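In what follows, a structure is listed as C-alpha cells, so that the remarks can point back to it.
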Amino acid sequence: MNAPLEPGGAPKPLDQRLSWEDWCSGLRAKPALQTKRDESWKYTRTRLFEWSADTPPTSLRPVIQVPKRRSGWRALSFRQAFQKAPDLLLPWVGQVARASGRVLSEWNTQAFEDGLLLEIPDGLVVHEPIEIVLSTRNPTDPACRSETGARHLFPRVLIHLGKGSQASVIERHRWGFEPRPDRSAPPGSQPQRVNTVTEILLAPDAALTHYLEQTGDGNTQAASLSAIRLGPDSHYTGYAFDASTALLRHEHHVVLSGPGSEARLEGLTLAGRGEHHDRQTWIVHACPGTSSHQCFHSIVAGQGMSIYGGQVHMKHGASGCEATQKNHHLLLDPTAQSRSRPSLEIAVDDVRCSHGSTSGALDPDSLFYLRSRGLAETQARHLLTLAFAGGFLEKLPPGALKTAWQEAVSRILPGME
C-alpha cells in the first residue's frame, strides 16, 4: 500500500498576496504521479477513475449542502474561506491527504472546483451532530448529460478541530438519484465516477466522532478517502455504513502523530447483487502510547464482492502502542466473494498487535435450530443476517442516526437475501 501521509508536518507558510487562482495553480503545479502497481488495488481497477488536465471538460460539480451556522463553529466553502479564514485553509489543504503519495488524491487536487471547510475552534464542545451532504444533481439537470461519456465528480472536504474541542460530524455521500426497484440509474443519465477526498486534523486533546454514510445507484463508481492526522491525546472514532453502489472503494489513512492519541474504526458494508465494495485502511503509529482498533463487517449477496485490506505500521520509537484488526464477511450466496488482506509492519519492541478475519455462510446449526422452532427458512436466514449486522449496529451511540441505519439495514437486507 502506498504511504500518502507522514507523521507531524508543519503547515505551509501563508502568502497573503495569493489570489484564489494563484493558490489553485500552485496546488496543481506538482509533477504528475506515474500510476504503478499497488497491491491495495489488486481487486479494483484504478483506471476507472483516471483523469488528467487534458481530459475533455466533462467534470460535474457535486452538490455540497453546507450545514447551517451554529454558535461558535464555522462551515465555509473553500472560496469563502479563502477570503474570510485563509489561515485555516491555505496551509492545510493537501497536507493530510498528500497528492504526492496517492494518485487519486492528485487527480482530485487537479480537478476540484471548490470544497467545504468545517472549523471547530479551541475548547468548543458541539453537542448536536453537524451534517455534511455530498450529492449529485437532479438527473433532469442538463449538466448531468454529456456526449463524451462518464461524468467525473471531485468533492473536497477539510475538517479542523481545535485544541480541546469535541464534535460529531455526519458525512453523507449520496451518489445517485431516487432509488429504483432494480437499483438501476434513471434512463438517459450518464455514468458517474466520483473521487472524494476528506482531510481531518485533530489538535491536541480534540475528540471527533465521524459518521460516514455512502450510497449510490447502479450507475455510480465511487472512490473516497478519509485522511486523518491526530495530535497528542486526541481521539478519532469513525463509523462507516456503505450500501447500494455498483462500485465503491473507501480508504482510511490515519496518522497517530501525537503521544496518547487513539483511533477506532467500525464499519458495515452491504454489497448487493453484482456490487463491488472495497475497504482499505492504513494506520501509522508514529509516537509512543498510541492505539488503534478496527472492526469491519460486510454482508455480500450473489455475484457481489467485498474486500478488506488493512495495514498497520508501528514506526521506530512508537513503544507501548496497541493495535487490533478484525474483519468479518457474511456470504449469502455461493457466488458471493470476499477477500481479506490484513497486515502488520512492526519496527519496535514493546507493542501489542493482533488481527483476525472470518468469511463464510450462515451457520447451518443456527439455521437448523431456528427452523426447529417453527420459523420458515427465509425468516431464519433473515434473523441470522440481522444478528450479524447487529455486531456493528450495537456499537453505535444511541440517537437518530443509529435508528436510521437500523431501518436502512432492515429495508435493504430482504432484497439481498
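Chains: A, B, ... in order of the C-alpha cells. Residues: from 1 per chain. Ligands: from 1, in order shown.
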Could you find all residues in stretch 268-380 of chain A that DSSP calls strand (DSSP E) from the backbone, and write them as a PyMOL selection string? chain A and resi 268-271+276-285+291-300+305-314+322-331+337-346+352-360
For A:Cys287: contacts at 6 Å, only C-alpha atoms, fewer than 4 positions along chain excluded, given as number ranges by chain: A: 257-259, 318
Residue selection dump (all heavy atoms) as a compact mmCIF listing (two decimals), in the first residue's frame:
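To be explicit, this is the file written out as result03.txt:
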```txt
# COMPACT_ATOMS: atom_id res chain seq x y z
N SER A 257 -0.02 10.94 15.29
CA SER A 257 1.23 11.70 15.32
C SER A 257 1.53 12.33 16.66
O SER A 257 2.53 13.05 16.78
CB SER A 257 1.20 12.79 14.24
OG SER A 257 0.15 13.71 14.48
N GLY A 258 0.67 12.07 17.67
CA GLY A 258 0.94 12.60 18.99
C GLY A 258 0.81 11.53 20.05
O GLY A 258 -0.05 10.64 19.96
N PRO A 259 1.63 11.55 21.09
CA PRO A 259 1.52 10.54 22.16
C PRO A 259 0.12 10.54 22.77
O PRO A 259 -0.50 11.59 22.96
CB PRO A 259 2.57 11.02 23.19
CG PRO A 259 3.51 11.87 22.42
CD PRO A 259 2.70 12.53 21.35
N ALA A 318 7.92 4.07 18.55
CA ALA A 318 6.50 4.03 18.95
C ALA A 318 6.26 2.88 19.92
O ALA A 318 5.48 1.96 19.64
CB ALA A 318 5.61 3.91 17.73
```
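Among the candidate residues A:Ala389, A:Leu116, A:Ile200, A:Leu212, the one lying nearest to A:Arg172 is A:Leu212, with distances computed using only C-alpha atoms.
Between A:Glu377 and the residues A:Ala271, A:Glu262, A:Glu417, A:Pro342, the shortest atom-to-atom distance, using only C-alpha atoms, involves A:Glu417.
Between atom CA of A:Asp333 and atom CA of A:Gly274 the interatomic distance comes to 11.5 Å.
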Of the candidates A:Phe388, A:Tyr236, A:Trp405, A:Tyr308, which shows the shortest atom-to-atom distance to A:Ser261, using only C-alpha atoms?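 That would be A:Tyr236, the residue with the smallest distance to A:Ser261.
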Excluding A:Ile346 and any residue of its chain fewer than 4 positions from it, enumerate the residues within 9 Å of it, using only C-alpha atoms, and give them as a list in words.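 Near A:Ile346, the qualifying residues are Val312, His313, Met314, Lys315, His316, Val351 and Cys353 of chain A.
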So that I can see what lies close to A:Asp278, please list as a ChimeraX atom specification the residues with an atom at most 9 Å from it, counting only C-alpha atoms and leaving out residues fewer than 3 positions away in the same chain. /A:41,43-44,247-251,305-309
Residues within 7 Å of stretch 156-165 of chain A, please, as a ChimeraX atom specification. Count only C-alpha atoms; anything in the same chain fewer than 4 positions from it doesn't count. /A:112,115-125,196-207
Let me see the file: selected residues, N, CA and C atoms, as a tab-separated table (two decimals), in the first residue's frame.
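Saved result, result_13.tsv, follows:
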```
chain	number	residue	atom	x	y	z
A	112	PHE	N	-10.66	19.58	-8.43
A	112	PHE	CA	-11.76	20.10	-7.62
A	112	PHE	C	-11.98	21.58	-7.92
A	115	GLY	N	-14.70	23.39	-2.34
A	115	GLY	CA	-14.76	22.39	-1.29
A	115	GLY	C	-15.45	22.97	-0.08
A	116	LEU	N	-15.40	22.23	1.02
A	116	LEU	CA	-16.05	22.65	2.26
A	116	LEU	C	-15.05	22.61	3.39
A	117	LEU	N	-14.94	23.71	4.13
A	117	LEU	CA	-14.13	23.79	5.33
A	117	LEU	C	-15.06	23.83	6.54
A	118	LEU	N	-14.83	22.90	7.48
A	118	LEU	CA	-15.56	22.89	8.73
A	118	LEU	C	-14.56	23.12	9.86
A	119	GLU	N	-14.78	24.18	10.65
A	119	GLU	CA	-13.84	24.53	11.71
A	119	GLU	C	-14.55	24.54	13.07
A	120	ILE	N	-13.99	23.75	14.01
A	120	ILE	CA	-14.43	23.76	15.40
A	120	ILE	C	-13.30	24.40	16.21
A	121	PRO	N	-13.52	25.59	16.76
A	121	PRO	CA	-12.41	26.30	17.43
A	121	PRO	C	-11.99	25.65	18.74
A	122	ASP	N	-10.89	26.11	19.27
A	122	ASP	CA	-10.33	25.58	20.51
A	122	ASP	C	-11.37	25.59	21.63
A	123	GLY	N	-11.45	24.47	22.35
A	123	GLY	CA	-12.25	24.39	23.56
A	123	GLY	C	-13.74	24.27	23.37
A	124	LEU	N	-14.24	24.31	22.14
A	124	LEU	CA	-15.70	24.26	21.91
A	124	LEU	C	-16.19	22.82	21.92
A	125	VAL	N	-17.25	22.56	22.65
A	125	VAL	CA	-17.91	21.26	22.66
A	125	VAL	C	-19.25	21.42	21.94
A	196	THR	N	-13.60	11.38	-4.07
A	196	THR	CA	-13.78	12.27	-2.92
A	196	THR	C	-12.56	12.23	-2.01
A	197	VAL	N	-12.15	13.39	-1.52
A	197	VAL	CA	-11.05	13.47	-0.55
A	197	VAL	C	-11.54	14.29	0.65
A	198	THR	N	-11.46	13.69	1.84
A	198	THR	CA	-11.77	14.38	3.09
A	198	THR	C	-10.54	14.37	3.98
A	199	GLU	N	-10.08	15.55	4.38
A	199	GLU	CA	-8.93	15.69	5.26
A	199	GLU	C	-9.42	16.13	6.64
A	200	ILE	N	-8.90	15.49	7.69
A	200	ILE	CA	-9.33	15.77	9.06
A	200	ILE	C	-8.09	16.00	9.92
A	201	LEU	N	-8.08	17.14	10.62
A	201	LEU	CA	-6.97	17.50	11.51
A	201	LEU	C	-7.51	17.62	12.92
A	202	LEU	N	-6.92	16.88	13.85
A	202	LEU	CA	-7.31	16.95	15.25
A	202	LEU	C	-6.15	17.51	16.06
A	203	ALA	N	-6.39	18.67	16.69
A	203	ALA	CA	-5.38	19.29	17.54
A	203	ALA	C	-5.31	18.52	18.86
A	204	PRO	N	-4.33	18.81	19.72
A	204	PRO	CA	-4.20	18.10	20.99
A	204	PRO	C	-5.50	18.13	21.79
A	205	ASP	N	-5.82	16.97	22.38
A	205	ASP	CA	-6.99	16.81	23.26
A	205	ASP	C	-8.33	16.95	22.54
A	206	ALA	N	-8.34	16.99	21.22
A	206	ALA	CA	-9.60	17.08	20.47
A	206	ALA	C	-10.22	15.68	20.35
A	207	ALA	N	-11.54	15.64	20.17
A	207	ALA	CA	-12.24	14.36	20.02
A	207	ALA	C	-13.30	14.51	18.94
```
